[in-house]
Each structure stands twice: as structure tokens, then as C-alpha cells.
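Worksheet for the structure shown next.
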4 protein chains.
Amino acid sequence: MTDDRPGGFLTLGDLEAAAAAKVPAEVWAFVQGGAGEETTLRANRDAFHRRTLRPRVLTGVDSLDLRTRILGQAVSAPFFVAPTAYQGLLHPDGEIATARAARDAGILGVFSTLSSCSLESIAESAPTGDRWFQLYLQPEFGASAQLVDRAQRAGYRALVLTVDMPVLANRDRQIRGGVAVDAPAPVGNGPDVQAPSRAPMPDGDHYTLRKETGATWEIVDRLRAHTSLPLVIKGILTGDDARKAVDHGARAVVVSNHGGRQLDGAPAALESLAEVVAAVGTEAEVYLDSGVRRGSDILMALALGAKGVGIGRPVLWALATGGEPGVARLFSLLKLDLATVMAVTGRTSISAIDASLLGTPRW
Amino acid sequence: MTDDRPGGFLTLGDLEAAAAAKVPAEVWAFVQGGAGEETTLRANRDAFHRRTLRPRVLTGVDSLDLRTRILGQAVSAPFFVAPTAYQGLLHPDGEIATARAARDAGILGVFSTLSSCSLESIAESAPTGDRWFQLYLQPEFGASAQLVDRAQRAGYRALVLTVDMPVLANRDRQIRGGVAVDAPAPVGNGPDVQAPSRAPMPDGDHYTLRKETGATWEIVDRLRAHTSLPLVIKGILTGDDARKAVDHGARAVVVSNHGGRQLDGAPAALESLAEVVAAVGTEAEVYLDSGVRRGSDILMALALGAKGVGIGRPVLWALATGGEPGVARLFSLLKLDLATVMAVTGRTSISAIDASLLGTPRW
Amino acid sequence: MTDDRPGGFLTLGDLEAAAAAKVPAEVWAFVQGGAGEETTLRANRDAFHRRTLRPRVLTGVDSLDLRTRILGQAVSAPFFVAPTAYQGLLHPDGEIATARAARDAGILGVFSTLSSCSLESIAESAPTGDRWFQLYLQPEFGASAQLVDRAQRAGYRALVLTVDMPVLANRDRQIRGGVAVDAPAPVGNGPDVQAPSRAPMPDGDHYTLRKETGATWEIVDRLRAHTSLPLVIKGILTGDDARKAVDHGARAVVVSNHGGRQLDGAPAALESLAEVVAAVGTEAEVYLDSGVRRGSDILMALALGAKGVGIGRPVLWALATGGEPGVARLFSLLKLDLATVMAVTGRTSISAIDASLLGTPRW
Amino acid sequence: MTDDRPGGFLTLGDLEAAAAAKVPAEVWAFVQGGAGEETTLRANRDAFHRRTLRPRVLTGVDSLDLRTRILGQAVSAPFFVAPTAYQGLLHPDGEIATARAARDAGILGVFSTLSSCSLESIAESAPTGDRWFQLYLQPEFGASAQLVDRAQRAGYRALVLTVDMPVLANRDRQIRGGVAVDAPAPVGNGPDVQAPSRAPMPDGDHYTLRKETGATWEIVDRLRAHTSLPLVIKGILTGDDARKAVDHGARAVVVSNHGGRQLDGAPAALESLAEVVAAVGTEAEVYLDSGVRRGSDILMALALGAKGVGIGRPVLWALATGGEPGVARLFSLLKLDLATVMAVTGRTSISAIDASLLGTPRW
């Protein structure tokens, strides 16, 4: 069957294989690989497959409204572009393609410290788009502050501090794939911007650690003092840490295990969501990433209390298969899929998605 | 080994593969495909495999009586033909072959709004057969009412309102298979009869929905006011909805997830059965479809409180392998299989099949 | 690697594959096949794999004694030859090879109504062997009684009444394999001896059943009145039926699902054992068959309360690979395996195998 | 991709396959094989995969210290070389390569009674290394005592008495592989040193057992009376036996199922750890081996109460791929992996690894 649709793939279920066929093996290893034996990577999907949804019928689906607010900003749907590094590895347009597709779809885009395009060029390419800046702490606070200032000047609306990567995990698949794990591609934000360091090499009984690895919650206070941007803490898997984030002034937390890339043995993100939501209550918003691929996944996360979900690898896949039109098609199919499962479960608006949707997990 | 038996297959276990070998790939994708990643499709079978039965011995199996009543009508066995669309895709005789085989077997046949043959031709082909009409709501009530009237005139004995398809689910396998999902074949009941619409396409922030998608339980009242046919509500997975069906005058409900075709993430039908039976009590009959393949499956569903079970895909498979003789052979083998497991578990009649048959589910 | 050991196989783990390579496909289908989709067949093995054993150390394994008593008779080990039909299909010597190997090993042999060799020839071939006779009820009591009398005259020491086969199950694999399921081979006990009938063929609304299918517990009383042989009831999976067996004078029951051949959906035999042991208490002995392949399996069954376990298919496999020397090798390896796990768990005698050996089942 | 790193493998995840490609098939069967159907062998890994870790963030990872004490001796990391026999099968340098790599890494090495190199040559090759001697009881106490004396004279710092091998288990894979299971290679400690005997061969109703198989806890007292070396009991899977070990003066116990090689059906070592830790309290140290492959495994075992973990097969794999540099690389990668997961979970020292790290096991 020929497929002449823009984007280079047909359905959400074809996207991964379509990308695999296009992406060079070493880049694919970088994109797909998880930490260690990839137990957590697999668990992220299994967790969605185990959950069940209780559809209600004849509820009067006379309209469907996917719009919601994320940190107060209206968006066209409750999913956003999760920050992923080095999008230029997937397509020459890199984050610019993603940003444009997100803007056209009315979707929030979160862009990484390690973007292939500079944060300014991303902003300029889609000036009306809603975007946040993801920060990897730099060894010196001043360098972190500089990045934050640049992001604020360029119109990024919030600061997402990633806290689950004090050092880079052991990623066997990436190493085997021949990727320079800690520097697979140039960083668009400038040659001085540092990626998280690889795990410390033992030097006798000592371990060399870069300075930012020693950050404590005090860094959150310091960032808040420095910038007026609302702060989002990404990479939380426990209620206790979520509570700390709120106590240190975070406006939101992202429940995430970094797509299974940081700690093999970490729980599936979805499995940690209820605990975090309970700990945070109404004091902050909770988002989730790691394993979201489908409308039903979004519904499950929202039913468990998330206000939004991040889409990571699928954006990279779509970028690889079709550049900006590919990403646009991904967003369109995700909305269609979400709209469909909302209709089929009898929910006409995002606010109607609640815990009554949740059934008994499968065996 | 040669096989010269009528029907083109040897045992219940061969039927699916025999059909797969005969059916064109795109039709096969349409028949077999489920929603999304087909988690629920698989769970439908797994749920039967996890259940255990406690056989009793030396109970005096001096006779075996598979006969029962479904909505008051005597049938030769507690299974019926579940409504499936476009049977003409599997065999040129389409529903007519099915109806004749059902009549000869003394089995109830439920026929779809989207039958390849007209409801009248189905009725005429097997006038003495017991048959019900399955209704997909049409955009205008008048069109629905017209279909109901035609069915009543043609001697259909009950009206089965399908409520789990306000819109058509995303069905990746069908799309990949090249099927025009919402119109794979002509509708025998006339060119104006509408199939459920595909999921709404986003048009900016709006979603175009067809009128019938907005139906509420009030439609049940309206249908009851319009027709004297007893009403069966199909596609219920919660006790609350089952209760509502009864409160709105339904005489029976069908616990079904549409064979895993509508909501990936829905519970297995068998897993939802006990909750529905408990909610309905003795006020209505409860049937089940989605995943029934064997006599032991029928026994399990009946032990959990179902009064009958619908057979969906196997009828299509049998139609493909052998037309009317194929379907006849399926019914014959299913009866034989049910009779056998009844004998082996020490139950000589349908009324003797109760919860004492149920053992601990497997791990 | 060459293997010149007698018996044609090297370890317990090689036996099945060695047999598969020797046995004609249709016979293999007959030997290996289970009922329906073979869920219960697989569960029989899985149940052993899920169980754990708690080894104790430094208990002083200064001797190892595998001897025990089964219904009062001393045997060299707590396993016996389970009754399996038509052993002549596997080796021209049939049951005679099995009986001789069992006698030489000091193992009890149970022989089927449907043996390829006559019960008298089996007895004559190994006159000093300990043997029981398994009875399939014949349509007329007189015919059953005649078989029992022949067995008693020929020195069979107990009567094993199989109760889980009122009719023969649907066995897809056997049918596909081309086996005449209900008569795969001649019956050594005479042309008038009846195998259990296949499932009743529907004849309109009636089902033709052979007379013996209607047997109730009264048949046990009648057999007891007829013969002085102690009575063992085989094919029990519930405590209630075990209780009935005892109340009707059975001296022992065999927890069995007929090797997964009779009811797909039945619990694993091992999973039913504790319930039966609890129901029977000290009033009768409890044995188990269905899935036993290893010394650790025997240990698990004994720890759960069985007094002995039957070995079914492995005897057929060994017969096929090497005739009498093959079966002898199987018994020798099973004893060696049991002795080894006894040593490793710190049990020096059969009576020391108790519930304290049982750990938490695996996930 | 070429790999010119010393050691012949790239990541922890490549090691096993790299070794498989180098090691002759029969040696590989000896190294990899477990008892029986290898259920326990697989469960050892599955148990780690089911466990989850709760990472904490922003805890201030300003340093990483992997150092700890094992039986009072400072070591550079909480893992040690588990005793494995016949290392000369993997590399001509055998245990000498292992001992040197362990010394250079500051890692404790435990060496087997059945080492390919003599215990004295191992000691001389790495005189400053920390090493313990593993004892298989010899038929006569005098022979055991002689080995202990030799070890003490050669500077071995503790005595590890293996108690889970009164006889050698049935190891189908090894037998199939053509290995002389009980004597695959010469014993470096002298021709009179005895390996554990294979399971007793039945001789009629008697079983020939070697004298040491009958050992009881009294042997522990006797060894303690004979030597001043601290005593470690290896091969404990129950709290009761751990308690006995402590009561008989053991300074530590090793929770182990001998890498799945002794009792198929034994629980995963990790599953037994909590029970042993609870029974022993603070009166002895508890170590674990069987299935440890990764830093996260070490973290899990320590969080459950182990003071150290033994690395078995991976050392053999590394020896095969690269001799001493291979083993050195293994230790280096294991430290790096452990350091990484400590950083990612927010633990900067071994003493900070506690039960608060443990999450809900996966389904």
C-alpha cells in the first residue's frame, strides 16, 4: 500500500518502525536506549498496558473539547513536547521543526539545554508558540543563570529544572551503538554549555564529580531568587521529593524516569503518579512523561491526576520520518486518538477525566 | 492429512488459521484488528485462560441438555450469533448463510445494521429462524426508527442497541491493512444507512461530531416508546451503566468491549461480567461477547451469571472457510465442545451451571 | 556427543526431545496432546515451576532412604507408573516392558483398561511386580466386573477407578494429528472392552450417551460389594469429591486432571492437592499425577501431602526411546534426582518430607 | 565497531555474549548451567528485575564513597569475588589473574577449594590482596583441617564453609555439554582434594554417601575449635539456618542458592535475603550471591540488608574474555555502575543505602 500522507507514517502504531528504518543505527541506539538492562524502559509501557479504563455509555458526547490549561496557559490539548536533546540528530531542522509544529498545533513545547538549535533560534522560528526552557544545571551557577536569562529574554514562559541526572547513567545500548554518550552532537546553545557528566571515573578511592552534581534543594531557592519564571521540577518519582519541590516554591513537578534512561530499577512513571499527586495536592500541578504513546495513555495519566503529559521519543521519531510535517502529523494523530478515547469513554472535556475512569489493573 | 469434512476446517482450534489462509489480507486486517495496540483484544482471551473450572465427578451424566431460553425464546444452546458487520466480505452469501446455519442449528442470530444483505433478505432466507436486529443509531431518529420498523416487520424479535461506538475507534491494524475503516463494504440495508463515524477530525479547536454521537439514555426511552420490541443494550462494561439500562427498561444487556475493537484499555469482557450481573440482579438478562471461542469459555461465562454468549469472529472465520456449511460446522463443534465440558464437569443442563464451578484464577 | 547409555537418552531433561525424534507424528500428537487449547496442560508444569522449596543445611545426610509404602505395600520410591493407554504405540513390547522395568526398580505399576497387552500377559511378564489395575467403566456393570475379576485373579493388588472421563474430551491436537481419538490402537484386554466414548454427538435436541456415563457414586459401592480389592478413585480435583470418595469407602484418591487431557480450564493438579489433602485427612491416601517430571516435583507433591506420585508421559517417552532399558533408565534417573534433592534439602527419608519444605510461590 | 579496550568487552551488558563467543561449548555448559530445568537460575535474575528503587533527588551528591568494611576489613567496594571452581578452564592464568585484579581493585577475593591454581600460588601472586578461603568439606576431617591450615598459613583471612552442596546436584546442561560434572578439571590444591560427590547412585535399596555428606552443625564447632580464622557459612536460604549459623559462632552468612546450580526450586537468593537479615540481626554480617550483575543489583541487596555481594559468573566471563585485564575491567565497570546508581538515587556512601530505597515490586 502506498502512503502519500505528509509525515511519512500512517498511524501512531507505525511511527516507531518508520523512524527505525530511516535513522542511522548509532542515532537510533541513542534515541531508543535506556539505562542498564532496560527493565524500567519496558516497565514504562507495561504500566500503561496493565491499567484498565471503565468506559461509560450514552453520556451525550455532543461535543469534544481537548483544550486545557498548563500552568495557566491555554493549550489545545493536555500533552506537550517533552524536552529531548540533540533533535538535530533526527532531522536537519532539529528543534525548529518541532517548535513550528507545536505552535501550529497549539501545543506547549519544552526545549532542552542541549538543543541542537539555539534557544533563540527556536523562539524566533515560532515566536507565537508557547515554550518552556529545560535547564541542566551548569557547573557554575552563573552559567546556569545566563541560560535562564537568555530563555526569559527569548520568551520562554517557564523554567523546567531536570533533577534526575546528577550524572549520566550507564547506557549500554548507546555505548554499544558507538555514540559518544555525553556529547553525541554539538550543543546549539553554545560550546560552553555543559551536558551532564558521565558517571564518575574511579581514581583510586576517589571519584571526580563535577560541581553541579552536589546541588541540593537550595539550588531551587537560588534559581527562584534569580528569575521570575515559574519553576517546574522534572524527574520526581516519590511523594517526599514532590513535597520538597512544592515547599521550595515549584509551581509544578514532572513525574518522570527520564524515559527509562537514568535508573534501571526505577518504577514506571505511571506507577509513581498517584503517590506524587497525593503528596502535592492542589499546591502545584503534576505532569508525567516516560512511555506515553497513545490517547488512552493520556487518559490514564489524567485520570490518575496529571494535568498534562510529555511526549518524548515519538516527537523524535516523527521528526525523523518527516521533519515538521511529521511532527505535525504526530500531534494531529495524538489529538484524534485522545478525542476518540474521550468519546468512547464518555468524556467530552478534559475536566471530566477523573479517577472514576480507572478500573482494576490487569493481572 | 486430507480433510473432506464440510466447512473446510477440522477442529475449533484450526478454524482461525484455516480462515487466515483464505481471506484477503485487507479483509483479514478488518476482521482481526482491534483498537490501538490490541491490549484489550488479547486480554479478552487471556481472561478465559486465567479462569479455572472445578469439575465434579460421578454426578450421573445420564443425559445432556444444552437447551435454554434467551429472552423467553427456546434455543438449542446458550450461544448466539453476535452481530458483526459486512459478512459479505467473508463469503458471497454473507448473512444469509449465517442465518440459515443458525436456523438449522436452533441458534439465535443477531444481525447488524451494517449487514451486507438487507435485513429483509436475511429474514426471508431463514424465515423460521430466531433473529434479533442490532441497531447503530442513525444521525436522525427517524432513520433509526425506520430501521427498527423494518426489522419488526421482518420478524426480528428484539432490538439490540449498540452503545459502545459513539465514534469508531482508532484501529491501526485495519488502517495499515488498507481498509476504508468506516465503509469497508456496501451496506445491505440501503445506501442511506450510516455506519458510525470515524473519530472526529480536529478543525482548529472544534471537533465535528455527528448528531447521534450525542445520544443519552433518553434515546432508550424514545426507542421503547417507538417500538414494542424488547430492548437489549450492547456494549456495557460497568455495573452503573447496566443499572441505568435496566432503569430505562432494557430487558437485557450485553457485556462486551466490541471484541477489543473500541477501547484499547477496556477490561476483558469476562472480567466485567460479575460486576454487571451483580448490578442487574434478576431484573434483566446478561449476555457476554468478546473472546468466546470454546465450550469451556461458555461454561465460564454462564457460571459467572451470563444467560448467553455471543460468537463473533469465529462465525466470520467459518463463513470464510466454508460458507453456510462452515458456519453449521462451527455451531455443531461448539455444541459438541460445550456438551463435552458439561459432561466432564458433571453438569447435565444449562441451569446446573453455577458459580460452584469457578475455581481460583491462575496466577 | 555420542551417547551409548542404555535407554537412548542422557538426562531427564533430554528425554522428551529424544522421544519426539523417534515417535511417528500422529502417535506423538496422541501422547502429547491435551484438551482444548492446552491451558491446563501447560499449567500443570507451571504450577511446579512456581513453587519454591526451602532447603535446610547441615542436617546430617548420613543416609538416604527413598523407600515408602503405598497402600501398605513397600515400594522403593514414592513414584509409580501412572496408567496410560496403548503403550504398544510407543514400543512393540508395550506394557510388558514397563511392567518389567517397574518390577526391577521396585516400583508400583498401574496398568490401564486400555493396555495394548492383556492384563494377564502383563502380570505374567513380571509376576513379582507390584501392580494395580485401572478401570474405565464399561457400559454394562457385568463387563466392568469381569475386568475386575480378571485383574484380581492375575494378582493386581488394587483397583483404580478413573472418574474424570465420563466422555472423552475434545482433543484438537490429537484430531489434527490424524489419530482415531477413541480407538488409536487395539485393546489388549479384548475386542469387547470399551474405551470411553467420544463426546456425545448432538442428534437434534438429544445427545446419545453411553450408559456408563451416567454413573454416580453408587457405582463405587457396587464395585466394593463386588470385589475385595482396595479401591482408589482417580481424577479428583475438589475436596468435596475427595470427601465423597472416602465416604464411599475409597482407600485412596488420585488428584489428577488426566495430564491436561480432559478439561481445559481445570486447575493444575498441584494447585488442587492441598484442598484434597485437607478434606481427606488421615482417612485415605492421596496421590497426584499430571505434570510430574523431576525429583523436585515429587518433593513438592509430598511436601503438600501426597503419599505418592504417578509418572505418565515420561514412561511413554522412555518406552519409545529405549523400550524396557529406557524405562529402567527413567526410573533410575528419577530416583537419583529425588535422592539428590532430598540430600540438598536435608531430608534423609520420605517421612521427613513435610510442609516445612514449602516456600512462598514465585510471582 | 572495533573495540580496543583492554578486557575484550565494552559494557557490563556485553560481557556474557563476549565470553560465550570465546569459551568452548562444554566449558560454557559447565559455567552457565544450573540445576534441573534452571527455574531457580532464571529466578535469580528475575528477582532483581522485579524490585524497584526509589531515587531521591537534589540530595547533594558532592562526593561518592564506595568503600566499606567486610568482616572488619576495609575494601574499595561492597562486592567481592565469589568462590568459583576451576577458573583455569576459562583462562590459563586461572585464579592468579583473578587474585591480581582483585588486589589491584582493592576487592576481596574468595577462592574455592577447587581452584585450578593452588591456594598458595594464588596468595603468592597477590600477597597484599585481601582473600578468604572457601572450604568444601573433605570426607575426613583431617583433610579439611589440613586445607584450613594451609589457607591460614598462606594469609587467607577467613574461612567460608559451603553448606549447600552435600552432594552435587543434577545438572542436565552440564551433562549434556559433555562435562565430567564432578571433575571437569584438575584441582590445584592437590590430587587428594575431593570435590563434592555426585548424587548417590542407588545400589538396590541403599545409597552410597560419602562421609562428609553426613555433616551436621557440629562440624562448625569443630572447625571453630581447630582454627582462629573467622567462619562464614555460605549457602543459607532460611532464617532458621542463619540463626543456627550465628548460634554456632559464624561471623557471617552468605545467602546463596549456588547460582541456581544446586536446587532447582530454591527461591531466588534476593527473595530470601530479608528473612535471613531479620533472623541474624546485628550478630553477624549477611552477604548475598546468585544473580548479581549490575550496580543496581548491588544497591538492592544492600538496601535489603546485605553488607556485601559476591560476583560469580561475571568474573569467569571476564577471565575468559581478557584474563587479568578482563577481570580488572569488570571490577572497574561494576564500580562505575554502582557509583552511578548511587549518584542517581542520591546516596553518597554505602552506609546511606538503606530500606528507604526500596519501592513496590513490579507486578
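Residue numbering restarts at 1 for every chain of the C-alpha cells, chains are lettered A, B, ... in their displayed order, and ligands are numbered from 1 as they appear.
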Interface residues on chain C facing chain B, 8 Å, only C-alpha atoms, written as a PyMOL selection string: chain C and resi 36-37+39+163-170+172+175-176+178+199-202+205-209+211+213-217+236-238+241+262-267+363
Set the distance at 10 Å and use only C-alpha atoms: which residues neighbour range 323-328 of chain B once local chain neighbours fewer than 6 positions away are removed? I'd like the list as a PDB file with C-alpha atoms, in the first residue's frame.
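Listed below is the output, part04.pdb:
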ATOM      1  CA  ARG B   5     -15.399 -32.590   6.062  1.00  0.00           C
ATOM      2  CA  PRO B   6     -17.832 -29.890   5.070  1.00  0.00           C
ATOM      3  CA  GLY B   7     -16.875 -26.467   6.316  1.00  0.00           C
ATOM      4  CA  GLY B   8     -13.194 -26.543   5.442  1.00  0.00           C
ATOM      5  CA  PHE B   9     -11.795 -26.932   8.911  1.00  0.00           C
ATOM      6  CA  LEU B  15     -10.630 -22.556  12.339  1.00  0.00           C
ATOM      7  CA  LEU B  90     -16.089 -13.169   4.019  1.00  0.00           C
ATOM      8  CA  HIS B  91     -18.400 -15.041   1.686  1.00  0.00           C
ATOM      9  CA  PRO B  92     -20.679 -14.027  -1.190  1.00  0.00           C
ATOM     10  CA  ASP B  93     -23.713 -15.403   0.688  1.00  0.00           C
ATOM     11  CA  GLY B  94     -22.952 -13.159   3.652  1.00  0.00           C
ATOM     12  CA  GLU B  95     -25.529 -13.046   6.454  1.00  0.00           C
ATOM     13  CA  ILE B  96     -27.860 -15.309   4.536  1.00  0.00           C
ATOM     14  CA  ALA B  97     -25.506 -18.219   5.016  1.00  0.00           C
ATOM     15  CA  THR B  98     -25.174 -17.367   8.682  1.00  0.00           C
ATOM     16  CA  ALA B  99     -28.908 -17.049   9.174  1.00  0.00           C
ATOM     17  CA  ARG B 100     -29.607 -20.390   7.546  1.00  0.00           C
ATOM     18  CA  ALA B 101     -26.951 -22.169   9.571  1.00  0.00           C
ATOM     19  CA  ALA B 102     -28.285 -20.570  12.744  1.00  0.00           C
ATOM     20  CA  ARG B 103     -31.836 -21.574  11.954  1.00  0.00           C
ATOM     21  CA  ASP B 104     -30.832 -25.141  11.230  1.00  0.00           C
ATOM     22  CA  ALA B 105     -28.904 -25.253  14.484  1.00  0.00           C
ATOM     23  CA  PRO B 314     -15.496 -17.406  14.740  1.00  0.00           C
ATOM     24  CA  VAL B 315     -18.679 -17.041  12.679  1.00  0.00           C
ATOM     25  CA  LEU B 316     -16.779 -14.862  10.232  1.00  0.00           C
ATOM     26  CA  TRP B 317     -13.936 -17.364  10.099  1.00  0.00           C
ATOM     27  CA  LEU B 334     -19.303 -25.599  19.634  1.00  0.00           C
TER      28      LEU B 334
END
Near-Lys307 in chain B list (8 Å; only C-alpha atoms; drop same-chain fewer than 6 positions) as a ChimeraX atom specification: /B:70,78,285-287
In range 184-322 of chain A, DSSP strand (DSSP E or B) residues written as a VMD selection string: chain A and resid 198 202 to 203 206 to 207 216 231 to 236 252 to 255 285 to 288 308 to 311
Same residues, N, CA and C atoms, output as a PDB file, in the first residue's frame:
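Result saved to part.pdb:
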ATOM      1  N   ARG A 198      29.330  12.176  32.495  1.00  0.00           N
ATOM      2  CA  ARG A 198      29.191  10.739  32.637  1.00  0.00           C
ATOM      3  C   ARG A 198      29.508  10.358  34.068  1.00  0.00           C
ATOM      4  N   PRO A 202      36.399   6.158  38.725  1.00  0.00           N
ATOM      5  CA  PRO A 202      37.140   5.975  39.964  1.00  0.00           C
ATOM      6  C   PRO A 202      38.609   6.313  39.746  1.00  0.00           C
ATOM      7  N   ASP A 203      39.132   7.079  40.669  1.00  0.00           N
ATOM      8  CA  ASP A 203      40.542   7.439  40.633  1.00  0.00           C
ATOM      9  C   ASP A 203      41.089   7.015  41.988  1.00  0.00           C
ATOM     10  N   HIS A 206      39.010   7.736  45.138  1.00  0.00           N
ATOM     11  CA  HIS A 206      38.247   8.973  44.973  1.00  0.00           C
ATOM     12  C   HIS A 206      37.468   8.951  43.679  1.00  0.00           C
ATOM     13  N   TYR A 207      36.450   9.763  43.645  1.00  0.00           N
ATOM     14  CA  TYR A 207      35.628   9.901  42.461  1.00  0.00           C
ATOM     15  C   TYR A 207      35.533  11.371  42.122  1.00  0.00           C
ATOM     16  N   THR A 216      21.759  20.829  45.975  1.00  0.00           N
ATOM     17  CA  THR A 216      20.692  20.427  46.892  1.00  0.00           C
ATOM     18  C   THR A 216      19.448  21.273  46.577  1.00  0.00           C
ATOM     19  N   LEU A 231       8.790  27.926  38.155  1.00  0.00           N
ATOM     20  CA  LEU A 231       9.734  26.819  38.182  1.00  0.00           C
ATOM     21  C   LEU A 231       9.004  25.478  38.190  1.00  0.00           C
ATOM     22  N   VAL A 232       9.459  24.601  37.319  1.00  0.00           N
ATOM     23  CA  VAL A 232       8.921  23.241  37.230  1.00  0.00           C
ATOM     24  C   VAL A 232      10.077  22.280  37.510  1.00  0.00           C
ATOM     25  N   ILE A 233       9.851  21.312  38.384  1.00  0.00           N
ATOM     26  CA  ILE A 233      10.912  20.351  38.710  1.00  0.00           C
ATOM     27  C   ILE A 233      10.611  19.041  37.998  1.00  0.00           C
ATOM     28  N   LYS A 234      11.543  18.597  37.207  1.00  0.00           N
ATOM     29  CA  LYS A 234      11.326  17.402  36.365  1.00  0.00           C
ATOM     30  C   LYS A 234      12.218  16.245  36.803  1.00  0.00           C
ATOM     31  N   GLY A 235      11.595  15.082  36.980  1.00  0.00           N
ATOM     32  CA  GLY A 235      12.373  13.896  37.326  1.00  0.00           C
ATOM     33  C   GLY A 235      12.122  13.439  38.753  1.00  0.00           C
ATOM     34  N   ILE A 236      10.877  13.580  39.178  1.00  0.00           N
ATOM     35  CA  ILE A 236      10.470  13.233  40.547  1.00  0.00           C
ATOM     36  C   ILE A 236       9.725  11.897  40.506  1.00  0.00           C
ATOM     37  N   ALA A 252       5.144  23.344  39.634  1.00  0.00           N
ATOM     38  CA  ALA A 252       4.724  22.060  39.066  1.00  0.00           C
ATOM     39  C   ALA A 252       5.880  21.073  39.171  1.00  0.00           C
ATOM     40  N   VAL A 253       5.543  19.788  39.126  1.00  0.00           N
ATOM     41  CA  VAL A 253       6.566  18.740  39.059  1.00  0.00           C
ATOM     42  C   VAL A 253       6.223  17.806  37.898  1.00  0.00           C
ATOM     43  N   VAL A 254       7.274  17.233  37.321  1.00  0.00           N
ATOM     44  CA  VAL A 254       7.080  16.248  36.261  1.00  0.00           C
ATOM     45  C   VAL A 254       7.500  14.879  36.793  1.00  0.00           C
ATOM     46  N   VAL A 255       6.524  13.994  36.931  1.00  0.00           N
ATOM     47  CA  VAL A 255       6.817  12.612  37.298  1.00  0.00           C
ATOM     48  C   VAL A 255       7.433  11.946  36.067  1.00  0.00           C
ATOM     49  N   GLU A 285       0.937  21.801  40.032  1.00  0.00           N
ATOM     50  CA  GLU A 285       0.457  20.896  39.002  1.00  0.00           C
ATOM     51  C   GLU A 285       1.422  19.717  38.881  1.00  0.00           C
ATOM     52  N   VAL A 286       0.896  18.615  38.433  1.00  0.00           N
ATOM     53  CA  VAL A 286       1.722  17.423  38.234  1.00  0.00           C
ATOM     54  C   VAL A 286       1.602  17.001  36.769  1.00  0.00           C
ATOM     55  N   TYR A 287       2.739  16.797  36.131  1.00  0.00           N
ATOM     56  CA  TYR A 287       2.750  16.262  34.773  1.00  0.00           C
ATOM     57  C   TYR A 287       3.451  14.909  34.806  1.00  0.00           C
ATOM     58  N   LEU A 288       3.375  14.217  33.707  1.00  0.00           N
ATOM     59  CA  LEU A 288       4.037  12.919  33.614  1.00  0.00           C
ATOM     60  C   LEU A 288       4.650  12.762  32.242  1.00  0.00           C
ATOM     61  N   GLY A 308      -1.046  17.236  32.627  1.00  0.00           N
ATOM     62  CA  GLY A 308      -0.527  17.195  31.271  1.00  0.00           C
ATOM     63  C   GLY A 308       0.495  16.094  31.175  1.00  0.00           C
ATOM     64  N   VAL A 309       0.779  15.666  29.956  1.00  0.00           N
ATOM     65  CA  VAL A 309       1.788  14.618  29.767  1.00  0.00           C
ATOM     66  C   VAL A 309       2.765  15.049  28.689  1.00  0.00           C
ATOM     67  N   GLY A 310       4.006  14.656  28.879  1.00  0.00           N
ATOM     68  CA  GLY A 310       5.047  14.985  27.921  1.00  0.00           C
ATOM     69  C   GLY A 310       5.257  13.860  26.922  1.00  0.00           C
ATOM     70  N   ILE A 311       5.457  14.240  25.676  1.00  0.00           N
ATOM     71  CA  ILE A 311       5.715  13.269  24.617  1.00  0.00           C
ATOM     72  C   ILE A 311       7.187  13.393  24.238  1.00  0.00           C
TER      73      ILE A 311
END
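The coordinates place CA of Phe111 in chain D at 10.1 Å from CA of Tyr86 in chain D.
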Point-to-point distance in Å for CA of Gly322 in chain C and CA of Asn189 in chain C: 24.4 Å
Lys22 in chain C environment, 9 Å, only C-alpha atoms, sequence neighbours closer than 5 positions dropped, as number ranges by chain: C: 17, 320-321
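Between CA of Glu275 in chain A and CA of Gly239 in chain A lies a distance of 5.4 Å.
Ranking B:Ala303, B:Ala183, B:Val280, B:Ala82 by their shortest atom-to-atom distance to Ser112 in chain B, with only C-alpha atoms included, puts B:Ala82 first.
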Arg150 in chain B surroundings by only C-alpha atoms, 12 Å radius, close-in-sequence under 5 positions cut, as a list in words: Thr113, Ser118, Leu119, Glu120, Ser121, Ala123, Trp132, Phe133, Leu135, Ala143, Ser144, Ala145, Gly155, Tyr156, Arg157, Leu159, Asn189, Gly190, Thr227 and Leu229 of chain B
Sel. of alpha helix (DSSP H) residues, range 151-356 of chain B, as a PyMOL selection string: chain B and resi 151-153+172-176+218-226+239-247+269-280+295-303+313-345
